[in-house]
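Report on one structure; see the data block that follows.
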Amino acid sequence: MIVKKMHEAGVRSEHAYFAAFVSIGGALVTWMTSNRTEHAGVDRADRWGIFIGEWAPTFFGLGVALSQYEQIEGTLNAQ
């Protein structure tokens, strides 16, 4: 139901995969920024990096679900 609503709203599997890769890069940038600017030690930087990094599996999962829905609907762009 959620995947159907997302598809109807215009979200495609490519969008979810892109968000996953951005979150991986965001985790690295967040970790480096926190480590350099907060002066709270590596522990806090690790927490920020892990927090952002945990989004990637969610986006990859949504990408797979959307891809399967797109295959069923016949709207998957196979290039």
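Chain identifiers are assigned as A, B, and so on, following the order in which chains appear in the structure tokens; residues are numbered from 1 within each chain, and ligands are numbered from 1 in order of appearance.
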
* Give the alpha helix (DSSP H) residues of chain A, as DSSP finds them on the backbone, and put them as a ChimeraX atom specification. => /A:2-8,13-37,42-53,55-73

* **Selection: 9 Å around region 9-26 of chain A, only C-alpha atoms, excl. self and same-chain fewer than 5 positions, as an NGL selection string** => :A and (3-4 or 31 or 49 or 52-68 or 70 or 76)

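Nearest to Asp46 (chain A) of all the residues A:Leu28, A:Met6, A:Ile72, A:Met1 is A:Leu28, counting only C-alpha atoms.
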
* Just the residues within 12 Å of Thr33 (chain A), please, counting only C-alpha atoms, with nothing from its chain fewer than 3 positions along; format it as a ChimeraX atom specification. => /A:26-30,36-42,44-46,48-49
